[in-house]
Structures are given as structure tokens and as C-alpha cells.
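A.B. asks: Next up, coords_39.txt (compact mmCIF, C-alpha atoms).
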```
# COMPACT_ATOMS: atom_id res chain seq x y z
CA MET L 114 113.09 149.17 -127.81
CA ASN L 115 109.74 150.88 -127.22
CA SER L 116 108.11 149.44 -124.09
CA ALA L 117 104.70 149.59 -125.79
CA LEU L 118 105.76 146.63 -127.93
CA LYS L 119 105.53 144.45 -124.83
CA TRP L 120 101.79 145.12 -124.93
CA LEU L 121 101.38 144.84 -128.71
CA ILE L 122 103.33 141.70 -129.64
CA PRO L 123 101.54 139.19 -127.30
CA PRO L 124 98.03 139.99 -128.64
CA ILE L 125 99.40 139.89 -132.21
CA PHE L 126 100.77 136.42 -131.48
CA ILE L 127 97.54 135.17 -129.89
CA LEU L 128 95.25 136.60 -132.58
CA THR L 129 97.44 135.27 -135.40
CA LEU L 130 97.43 131.84 -133.78
CA PHE L 131 93.64 131.96 -133.46
CA ALA L 132 93.11 133.17 -137.04
CA ALA L 133 95.46 130.56 -138.54
CA LEU L 134 93.92 127.66 -136.60
CA ALA L 135 90.40 128.80 -137.49
CA GLY L 136 91.32 128.95 -141.18
CA LEU L 137 92.85 125.46 -141.11
CA TRP L 138 90.09 123.88 -139.04
CA PRO L 139 88.63 120.97 -141.07
CA ALA L 140 85.01 121.22 -142.18
CA GLU L 141 82.63 119.31 -144.41
CA GLY L 142 80.91 120.74 -147.46
CA THR L 143 80.37 120.42 -151.19
CA SER L 144 81.77 123.04 -153.55
CA PHE L 145 79.40 124.49 -156.12
CA PRO L 146 79.79 126.53 -159.34
CA LEU L 147 78.76 130.16 -159.49
CA THR L 148 78.57 132.81 -162.20
CA THR L 149 79.40 136.22 -160.73
CA PHE L 150 77.53 139.38 -161.68
CA ARG L 151 80.45 140.19 -164.04
CA GLY L 152 80.12 136.85 -165.81
CA GLU L 153 83.12 135.12 -164.23
CA GLU L 154 82.73 131.36 -163.72
CA VAL L 155 84.03 130.37 -160.28
CA THR L 156 83.70 127.48 -157.82
CA ILE L 157 82.67 128.39 -154.27
CA ASN L 158 84.53 126.56 -151.50
CA ALA L 159 81.39 126.03 -149.36
CA ARG L 160 83.16 124.73 -146.27
CA GLY L 161 84.72 126.06 -143.08
CA LEU L 162 85.72 129.64 -142.34
CA TYR L 163 86.26 130.40 -146.03
CA TYR L 164 82.79 129.17 -147.04
CA TRP L 165 82.00 131.99 -149.48
CA ASP L 166 85.47 132.25 -150.99
CA THR L 167 86.35 130.39 -154.16
CA VAL L 168 88.19 127.06 -154.03
CA SER L 169 91.27 128.83 -155.40
CA MET L 170 91.18 131.64 -152.83
CA ALA L 171 90.51 129.24 -149.96
CA ALA L 172 93.51 127.13 -150.99
CA GLN L 173 95.70 130.23 -151.01
CA MET L 174 94.45 131.51 -147.66
CA GLN L 175 94.86 128.13 -145.98
CA ALA L 176 98.42 127.89 -147.31
CA ASN L 177 99.09 131.30 -145.80
CA ASP L 178 97.50 130.15 -142.52
CA LEU L 179 99.89 127.18 -142.43
CA ILE L 180 102.95 129.39 -143.01
CA ALA L 181 101.76 131.87 -140.37
CA LEU L 182 101.39 129.00 -137.92
CA THR L 183 104.62 127.13 -138.64
CA LEU L 184 106.98 129.95 -139.64
CA GLY L 185 105.52 133.38 -138.91
CA LEU L 186 104.68 132.77 -135.25
CA PRO L 187 108.00 131.08 -134.34
CA LEU L 188 109.86 133.96 -136.03
CA LEU L 189 107.72 136.49 -134.17
CA ALA L 190 108.42 134.83 -130.81
CA VAL L 191 112.17 134.38 -131.36
CA SER L 192 112.74 137.84 -132.85
CA PHE L 193 110.75 139.54 -130.08
CA TRP L 194 112.76 137.67 -127.43
CA LEU L 195 116.03 138.65 -129.12
CA ALA L 196 114.93 142.26 -129.56
CA GLN L 197 114.11 142.50 -125.85
CA ARG L 198 117.67 141.39 -125.12
CA GLY L 199 119.02 144.26 -127.22
CA SER L 200 119.85 142.28 -130.34
CA LEU L 201 119.99 144.28 -133.59
CA ARG L 202 119.40 141.07 -135.56
CA GLY L 203 116.34 140.48 -133.42
CA ARG L 204 114.88 143.90 -134.22
CA LEU L 205 115.52 143.44 -137.94
CA LEU L 206 113.81 140.04 -137.88
CA LEU L 207 110.96 141.44 -135.81
CA ALA L 208 110.35 144.28 -138.28
CA GLY L 209 110.31 141.87 -141.22
CA THR L 210 107.99 139.42 -139.45
CA LEU L 211 105.59 142.22 -138.52
CA GLY L 212 105.67 143.29 -142.18
CA PHE L 213 104.57 139.77 -143.16
CA ILE L 214 101.72 139.77 -140.61
CA LEU L 215 100.64 143.28 -141.64
CA TYR L 216 100.57 142.35 -145.34
CA THR L 217 98.75 139.09 -144.63
CA TYR L 218 95.92 140.58 -142.61
CA ILE L 219 95.45 143.61 -144.81
CA THR L 220 94.73 141.14 -147.61
CA MET L 221 92.43 139.09 -145.37
CA MET L 222 90.61 142.20 -144.17
CA VAL L 223 89.84 143.49 -147.68
CA GLY L 224 90.09 140.32 -149.78
CA ALA L 225 88.49 137.45 -147.87
CA HIS L 226 84.72 137.22 -148.07
CA TYR L 227 83.17 138.48 -144.86
CA ASN L 228 83.37 135.87 -142.11
CA ALA L 229 83.29 135.55 -138.32
CA LEU L 230 86.91 136.68 -137.96
CA PHE L 231 86.54 140.05 -139.66
CA LEU L 232 87.23 142.00 -136.45
CA VAL L 233 90.23 139.75 -135.75
CA TYR L 234 91.66 140.71 -139.14
CA VAL L 235 91.04 144.40 -138.38
CA ALA L 236 92.74 144.07 -134.99
CA LEU L 237 95.77 142.30 -136.49
CA PHE L 238 96.05 144.95 -139.22
CA SER L 239 95.97 147.76 -136.66
CA LEU L 240 98.22 146.14 -134.05
CA SER L 241 100.87 145.01 -136.53
CA LEU L 242 100.88 148.41 -138.26
CA PHE L 243 101.60 150.33 -135.06
CA ALA L 244 104.06 147.69 -133.87
CA LEU L 245 105.97 147.88 -137.16
CA VAL L 246 106.12 151.68 -136.97
CA MET L 247 107.48 151.48 -133.41
CA VAL L 248 110.15 148.94 -134.35
CA MET L 249 111.23 151.00 -137.37
CA MET L 250 111.52 154.09 -135.16
CA SER L 251 113.78 152.21 -132.74
CA PHE L 252 116.73 152.11 -135.16
CA ASP L 253 119.48 154.72 -134.96
CA LEU L 254 119.90 155.56 -138.65
CA GLU L 255 123.13 157.47 -138.09
CA THR L 256 124.96 154.42 -136.74
CA LEU L 257 123.06 151.62 -138.51
CA PRO L 258 125.38 151.27 -141.58
CA ALA L 259 128.37 150.77 -139.26
CA HIS L 260 126.74 147.63 -137.88
CA PHE L 261 126.96 145.89 -141.28
CA SER L 262 130.18 144.29 -142.47
CA GLU L 263 131.97 145.73 -145.51
CA LYS L 264 131.85 142.21 -146.97
CA LEU L 265 128.05 142.28 -147.17
CA PRO L 266 127.15 141.39 -150.81
CA ARG L 267 125.02 144.48 -151.36
CA GLY L 268 124.96 143.96 -155.13
CA TRP L 269 123.42 140.48 -154.85
CA ILE L 270 120.82 141.63 -152.33
CA ALA L 271 119.92 144.67 -154.43
CA GLY L 272 119.74 142.43 -157.50
CA LEU L 273 117.23 140.15 -155.78
CA LEU L 274 115.13 143.16 -154.78
CA PHE L 275 115.22 144.55 -158.33
CA PHE L 276 114.29 141.13 -159.77
CA ALA L 277 111.35 140.82 -157.38
CA ALA L 278 110.14 144.31 -158.36
CA ALA L 279 110.47 143.55 -162.08
CA PHE L 280 108.78 140.14 -161.83
CA LEU L 281 105.82 141.42 -159.82
CA SER L 282 105.43 144.43 -162.15
CA LEU L 283 105.43 142.31 -165.31
CA ALA L 284 103.19 139.60 -163.86
CA TRP L 285 100.56 141.92 -162.43
CA LEU L 286 100.58 144.53 -165.21
CA GLY L 287 100.14 141.70 -167.71
CA ARG L 288 97.10 140.43 -165.83
CA ILE L 289 95.66 143.93 -165.59
CA ALA L 290 96.33 144.67 -169.27
CA ALA L 291 94.33 141.57 -170.25
CA THR L 292 91.19 143.21 -168.81
CA PHE L 293 91.41 146.08 -171.31
CA ALA L 294 90.43 143.87 -174.24
CA PRO L 295 86.84 144.41 -175.49
CA GLY L 296 84.45 142.11 -173.66
CA ALA L 297 87.15 140.76 -171.34
CA ILE L 298 86.00 139.38 -167.99
CA PRO L 299 88.47 140.27 -165.21
CA ALA L 300 89.74 137.26 -163.26
CA LEU L 301 88.70 138.59 -159.85
CA GLU L 302 87.91 135.28 -158.11
CA ASN L 303 84.55 136.69 -156.99
CA THR L 304 86.19 139.67 -155.24
CA THR L 305 85.54 143.34 -155.98
CA SER L 306 88.96 144.27 -157.36
CA MET L 307 92.60 143.20 -157.78
CA PHE L 308 93.62 144.04 -154.22
CA ILE L 309 96.81 141.91 -154.21
CA GLN L 310 98.02 143.55 -157.41
CA ALA L 311 97.22 146.99 -155.96
CA MET L 312 99.23 146.32 -152.80
CA ASP L 313 102.19 144.82 -154.64
CA LEU L 314 102.39 147.50 -157.33
CA GLY L 315 101.68 150.38 -154.95
CA LEU L 316 103.77 149.26 -151.97
CA VAL L 317 106.00 146.22 -152.44
CA VAL L 318 107.49 147.17 -155.81
CA PRO L 319 108.43 150.76 -154.77
CA VAL L 320 109.94 149.52 -151.49
CA CYS L 321 112.06 146.95 -153.37
CA LEU L 322 113.32 149.56 -155.82
CA VAL L 323 114.07 152.19 -153.16
CA ALA L 324 115.71 149.64 -150.85
CA GLY L 325 117.93 148.31 -153.65
CA ILE L 326 119.05 151.76 -154.81
CA LEU L 327 119.74 153.05 -151.30
CA LEU L 328 121.55 149.86 -150.31
CA LEU L 329 123.94 150.23 -153.25
CA ARG L 330 124.57 153.79 -152.08
CA ARG L 331 125.25 152.54 -148.52
CA HIS L 332 122.42 154.71 -147.21
CA ALA L 333 121.04 153.81 -143.78
CA TRP L 334 117.49 153.44 -145.10
CA GLY L 335 118.82 151.03 -147.72
CA TYR L 336 120.18 148.69 -145.06
CA LEU L 337 116.98 148.95 -143.01
CA LEU L 338 114.48 148.52 -145.85
CA ALA L 339 116.53 145.70 -147.40
CA SER L 340 116.67 143.88 -144.06
CA VAL L 341 112.93 144.21 -143.53
CA GLY L 342 112.17 143.38 -147.17
CA LEU L 343 114.28 140.22 -147.19
CA THR L 344 112.70 138.91 -143.99
CA LYS L 345 109.27 139.61 -145.43
CA PHE L 346 110.21 137.82 -148.67
CA LEU L 347 111.43 134.86 -146.65
CA THR L 348 107.98 134.37 -145.11
CA LEU L 349 105.78 135.61 -147.95
CA GLY L 350 107.81 133.83 -150.64
CA ILE L 351 107.42 130.48 -148.90
CA ALA L 352 103.72 131.21 -148.37
CA VAL L 353 103.13 132.01 -152.05
CA SER L 354 105.04 128.87 -153.07
CA LEU L 355 102.84 126.76 -150.81
CA MET L 356 99.77 128.55 -152.19
CA GLY L 357 100.63 127.35 -155.69
CA LEU L 358 101.15 123.78 -154.53
CA ASN L 359 97.91 123.79 -152.54
CA MET L 360 95.99 125.21 -155.50
CA ALA L 361 97.38 122.44 -157.72
CA ARG L 362 96.39 119.89 -155.06
CA VAL L 363 92.72 120.94 -155.16
CA GLY L 364 92.67 121.02 -158.96
CA VAL L 365 93.07 124.77 -159.59
CA PRO L 366 95.16 125.51 -162.71
CA VAL L 367 98.55 126.99 -161.80
CA SER L 368 101.13 128.20 -164.33
CA VAL L 369 104.54 126.57 -164.47
CA VAL L 370 106.12 130.01 -164.07
CA GLU L 371 104.40 130.49 -160.70
CA LEU L 372 105.43 127.01 -159.55
CA VAL L 373 109.08 127.71 -160.45
CA VAL L 374 109.71 131.43 -159.99
CA PHE L 375 108.07 131.92 -156.59
CA PRO L 376 109.86 128.97 -154.92
CA ALA L 377 113.14 130.18 -156.46
CA MET L 378 112.51 133.67 -155.09
CA ALA L 379 111.66 132.19 -151.70
CA LEU L 380 114.88 130.17 -151.65
CA ALA L 381 116.91 133.20 -152.69
CA GLY L 382 115.17 135.21 -149.97
CA VAL L 383 116.13 132.65 -147.33
CA VAL L 384 119.76 132.57 -148.49
CA MET L 385 120.09 136.36 -148.69
CA THR L 386 118.41 136.86 -145.31
CA VAL L 387 120.86 134.46 -143.66
CA ILE L 388 123.79 136.16 -145.39
CA LEU L 389 122.61 139.62 -144.37
CA LEU L 390 122.09 138.67 -140.73
CA LYS L 391 125.51 136.98 -140.60
CA HIS L 392 127.07 140.30 -141.65
CA VAL L 393 125.42 142.27 -138.83
CA GLN L 394 128.10 143.17 -136.31
```
How does this structure look as C-alpha cells?
C.D. replies:
Amino acid sequence: MNSALKWLIPPIFILTLFAALAGLWPAEGTSFPLTTFRGEEVTINARGLYYWDTVSMAAQMQANDLIALTLGLPLLAVSFWLAQRGSLRGRLLLAGTLGFILYTYITMMVGAHYNALFLVYVALFSLSLFALVMVMMSFDLETLPAHFSEKLPRGWIAGLLFFAAAFLSLAWLGRIAATFAPGAIPALENTTSMFIQAMDLGLVVPVCLVAGILLLRRHAWGYLLASVGLTKFLTLGIAVSLMGLNMARVGVPVSVVELVVFPAMALAGVVMTVILLKHVQ
């Protein structure tokens, strides 16, 4: 494993811990309604680190902070320790966990309203990006497929990846298509654009499709991308599920589909990740 990771992972851990605790730190305030310059009616959170974000966005970001604190950081610590000991499972888990942190703080950097932790988000984006690249470069692609058991249920794993790609595509394209109607007001939650939809459609969906296809073909990149993707889904799926519950808790309307499909995907991600890691020899 690249020795530079010994200098990258500790600051990633410390900064993630700091950012998550700051986001969850309790604060007093009274939410207030606001009409954006595009005519969207929103409710501003008006408390804590996410003061200028909407109540809905703050609920989502705090749910993500909780998952980063209780799941992301323990996974980062354990996987880094295992990877240092030469464990292939550890490196796969480390890559997936870094993918979760990278995705999280890209969204915070460009999606959260400017706050005191902006430079922390930038640092986490940069550090986790380079760390992820280094971990991915540490795998020997020629020998990687031989480390996976022939009994690995590649079809089920690929099916989950294809389902995730299809669900995200339909959900986000439907939301985008609704903005094409005459006089429609985009549901932007007081942000400048649909940054989550852009990242999912431009990055997550293609990775899921490519990983699923290559895994079925027993290609080395299929095993690697599927391993990283499943670990990322494990963390992100649980985070999105908690986001929906937290939004419902603060009175933000949440569709039944989101409250059912995302937790189901998270559960499937956990099961498939465990199965995949058990079949690493």
C-alpha cells in the first residue's frame, strides 16, 4: 500500500470527525419562510452550522453527519488498519469508505450554503480524492479476479448495481423532466442547481452499469468497481434512508417510495457487501 496514505488517512479522519460534530452540534433558532428569486417557497433552518440551508437540506445533512460519525469513521479506521496489515478485504473496504467520504464532501462543498467549514469541505474533497486514487492504484488487476471465489454470486451483485442505476435514473430524470413544463418552478431547495442529480447521473449511474457488466464478464475492473460500489452503497444507502426519516421527523414531506426503496437498497447493499467480502480469498 502506498506509504503516502499514512499521511492522508489521519487528517481525513480528524477533519471528518470535526465536520460531523460541528453539523450535529445543537443550536437554538426559529425557522422562517422564504421565497427564492425563482419563486420557490422554502423554509430556512436558521440555526447552527446549517443556518442558511432549508429545513429539508439541514435534516439531510445532519443525517449524513450522523452516519459519517457512527459508521463512516469506524469503517475508515478498521479498513485502514486492515489495509496496513496487507489485507485485500481491508483495501476494498478502504476504497469504498473513501468513496463515501469523497461523495459526501463534494456535495457539502458545492451544495451546502457557505458556512465556517467551507475550507474543511474543500480539504476533505481533495484529501479523499487523492487517497482514493492511491488505493485504487494499489490493486494488481492481473491477479485480482483470482482472489474471488468461483461461488461469488456475481449475477445478484450485478443485478443490484443495475437496479440502483435504473432507480436513480428514473427518479432523477423524472424530477428534471418536471422542470420543462411551462412556468414550472424547479425544486432546488434554495440551491443553484440539481447538484446531487448531476453527480448521480454523471458518475454513480455509469459506474454501476460498467461495474455490473464487467463483473458478469469476470473482468478485473468489474470485481474492483463492484467492491468499491457496494461498500459505498452500504454507507450512502444507510445515510439516505436516515435522511428520509429525519426529514419526516421535522415535518418535511417524504414520498413513500423514498422511505421504502432506499432502506431496501441499503439492506441489500449490506448483505451483498458481506457476501462479497466473504468470497475474497
A.B. asks: Write out as a ChimeraX atom specification which residues come within 9 Å of L:Leu314 when counting all atoms listed in the file, dropping same-chain ones fewer than 2 positions away.
C.D. replies: /L:278,281-282,285-286,309-312,316-319
A.B. asks: Just how far from atom CA of L:Met307 is atom CA of L:Gly287, in Å to one decimal?
C.D. replies: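 Atom CA of L:Met307 lies at a distance of 12.6 Å from atom CA of L:Gly287.
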A.B. asks: For L:Gly136, please output as a ChimeraX atom specification all residues within 7 Å (counting all atoms listed in the file; exclusion window: fewer than 5 positions along the same chain).
C.D. replies: /L:162,175,178
A.B. asks: Of the candidates L:Leu380, L:Met170, L:Ala259, L:Leu265, which shows the shortest atom-to-atom distance to L:Met221, using only C-alpha atoms?
C.D. replies: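 Under the stated criterion, the closest residue is L:Met170.
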A.B. asks: Compile a residue-level contact table for stretch 257-281 of chain L against stretch 364-374 of chain L at a cut-off of 12 Å, reporting for every qualifying residue the shortest atom pair and its distance in Å to one decimal, with all atoms listed in the file counted, rows ordered by chain and ascending number, as CSV.
C.D. replies:
```
residue,atom,partner,partner_atom,distance
L:Phe276,CA,L:Val374,CA,10.7
L:Ala277,CA,L:Val374,CA,9.9
L:Phe280,CA,L:Val374,CA,9.0
L:Leu281,CA,L:Val374,CA,10.7
```
A.B. asks: Record the distance separating atom CA of L:Trp334 and atom CA of L:Leu201, expressed in Å with one decimal.
C.D. replies: 14.9 Å
A.B. asks: Measure the distance from atom CA of L:Gly209 to atom CA of L:Thr344 in Å and round it to one decimal.
C.D. replies: 4.7 Å
A.B. asks: Counting all atoms listed in the file, which of L:Ile326, L:Val384, L:Val393, L:Ala361 gets nearest to L:Leu347?
C.D. replies: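 Answer, going by the shortest atom-to-atom distance: L:Val384.
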A.B. asks: Out of L:Ala181, L:Ile157, L:Leu237, L:Ala271, which residue has the shortest atom-to-atom distance to L:Ala133 when counting only C-alpha atoms?
C.D. replies: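 Answer, going by the shortest atom-to-atom distance: L:Ala181.
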A.B. asks: Could you tell me which of L:Thr210, L:Ala172, L:Ala196, L:Val248 comes closest to L:Phe346 if we count all atoms listed in the file?
C.D. replies: L:Thr210
A.B. asks: Any idea what's packed within 12 Å of L:Ser306, counting all atoms listed in the file, ignoring anything in its chain fewer than 5 positions away? Could you give it as a VMD selection string?
C.D. replies: chain L and resid 151 220 223 to 225 289 292 299 to 301 311 to 312
A.B. asks: Rank L:Val235, L:Ala135, L:Leu389, L:Val353 by their smallest atom-to-atom distance to L:Gln173, using all atoms listed in the file, and report the top residue only.
C.D. replies: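 Once distances to L:Gln173 are computed over all atoms listed in the file, the minimum belongs to L:Val353.
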A.B. asks: Reconstruct all heavy atoms of stretch 125-136 of chain L; output as a CSV table (one decimal), in the frame of the given file.
C.D. replies:
```csv
chain,number,residue,atom,x,y,z
L,125,ILE,N,99.2,140.2,-130.8
L,125,ILE,CA,99.4,139.9,-132.2
L,125,ILE,C,99.6,138.4,-132.3
L,125,ILE,O,99.1,137.7,-133.2
L,125,ILE,CB,100.6,140.7,-132.8
L,125,ILE,CG1,100.2,142.2,-132.9
L,125,ILE,CG2,101.0,140.1,-134.2
L,125,ILE,CD1,101.4,143.0,-133.3
L,126,PHE,N,100.5,137.9,-131.5
L,126,PHE,CA,100.8,136.4,-131.5
L,126,PHE,C,99.5,135.6,-131.3
L,126,PHE,O,99.2,134.7,-132.0
L,126,PHE,CB,101.8,136.1,-130.4
L,126,PHE,CG,102.3,134.7,-130.4
L,126,PHE,CD1,103.5,134.3,-131.1
L,126,PHE,CD2,101.6,133.6,-129.8
L,126,PHE,CE1,103.9,133.0,-131.1
L,126,PHE,CE2,102.0,132.3,-129.9
L,126,PHE,CZ,103.2,132.0,-130.5
L,127,ILE,N,98.7,135.9,-130.2
L,127,ILE,CA,97.5,135.2,-129.9
L,127,ILE,C,96.5,135.2,-131.0
L,127,ILE,O,95.9,134.2,-131.4
L,127,ILE,CB,96.9,135.7,-128.6
L,127,ILE,CG1,97.9,135.4,-127.4
L,127,ILE,CG2,95.6,135.0,-128.3
L,127,ILE,CD1,97.5,136.1,-126.1
L,128,LEU,N,96.3,136.4,-131.5
L,128,LEU,CA,95.2,136.6,-132.6
L,128,LEU,C,95.7,135.9,-133.9
L,128,LEU,O,94.8,135.3,-134.6
L,128,LEU,CB,95.0,138.1,-132.8
L,128,LEU,CG,94.2,138.8,-131.7
L,128,LEU,CD1,94.1,140.3,-132.0
L,128,LEU,CD2,92.8,138.2,-131.5
L,129,THR,N,97.0,136.0,-134.2
L,129,THR,CA,97.4,135.3,-135.4
L,129,THR,C,97.3,133.8,-135.2
L,129,THR,O,96.9,133.1,-136.2
L,129,THR,CB,98.9,135.6,-135.7
L,129,THR,OG1,99.1,137.0,-135.8
L,129,THR,CG2,99.4,134.9,-136.9
L,130,LEU,N,97.6,133.3,-134.1
L,130,LEU,CA,97.4,131.8,-133.8
L,130,LEU,C,96.0,131.4,-133.9
L,130,LEU,O,95.6,130.4,-134.6
L,130,LEU,CB,97.9,131.5,-132.4
L,130,LEU,CG,97.7,130.1,-131.9
L,130,LEU,CD1,98.5,129.1,-132.7
L,130,LEU,CD2,98.1,130.0,-130.4
L,131,PHE,N,95.1,132.2,-133.4
L,131,PHE,CA,93.6,132.0,-133.5
L,131,PHE,C,93.1,132.0,-134.9
L,131,PHE,O,92.4,131.1,-135.3
L,131,PHE,CB,92.9,133.0,-132.6
L,131,PHE,CG,91.4,132.8,-132.6
L,131,PHE,CD1,90.8,131.7,-132.0
L,131,PHE,CD2,90.6,133.7,-133.2
L,131,PHE,CE1,89.4,131.5,-132.1
L,131,PHE,CE2,89.2,133.6,-133.3
L,131,PHE,CZ,88.6,132.5,-132.7
L,132,ALA,N,93.6,133.0,-135.7
L,132,ALA,CA,93.1,133.2,-137.0
L,132,ALA,C,93.6,132.0,-137.9
L,132,ALA,O,92.9,131.5,-138.7
L,132,ALA,CB,93.6,134.5,-137.6
L,133,ALA,N,94.9,131.6,-137.7
L,133,ALA,CA,95.5,130.6,-138.5
L,133,ALA,C,94.8,129.2,-138.2
L,133,ALA,O,94.5,128.5,-139.2
L,133,ALA,CB,97.0,130.5,-138.3
L,134,LEU,N,94.6,128.9,-137.0
L,134,LEU,CA,93.9,127.7,-136.6
L,134,LEU,C,92.5,127.6,-137.1
L,134,LEU,O,92.0,126.6,-137.6
L,134,LEU,CB,94.0,127.5,-135.1
L,134,LEU,CG,95.3,127.2,-134.5
L,134,LEU,CD1,95.2,127.1,-132.9
L,134,LEU,CD2,95.9,125.8,-135.0
L,135,ALA,N,91.8,128.8,-137.0
L,135,ALA,CA,90.4,128.8,-137.5
L,135,ALA,C,90.3,128.6,-139.0
L,135,ALA,O,89.4,127.9,-139.5
L,135,ALA,CB,89.8,130.2,-137.1
L,136,GLY,N,91.3,129.1,-139.7
L,136,GLY,CA,91.3,129.0,-141.2
L,136,GLY,C,91.6,127.5,-141.6
L,136,GLY,O,91.2,127.0,-142.6
```
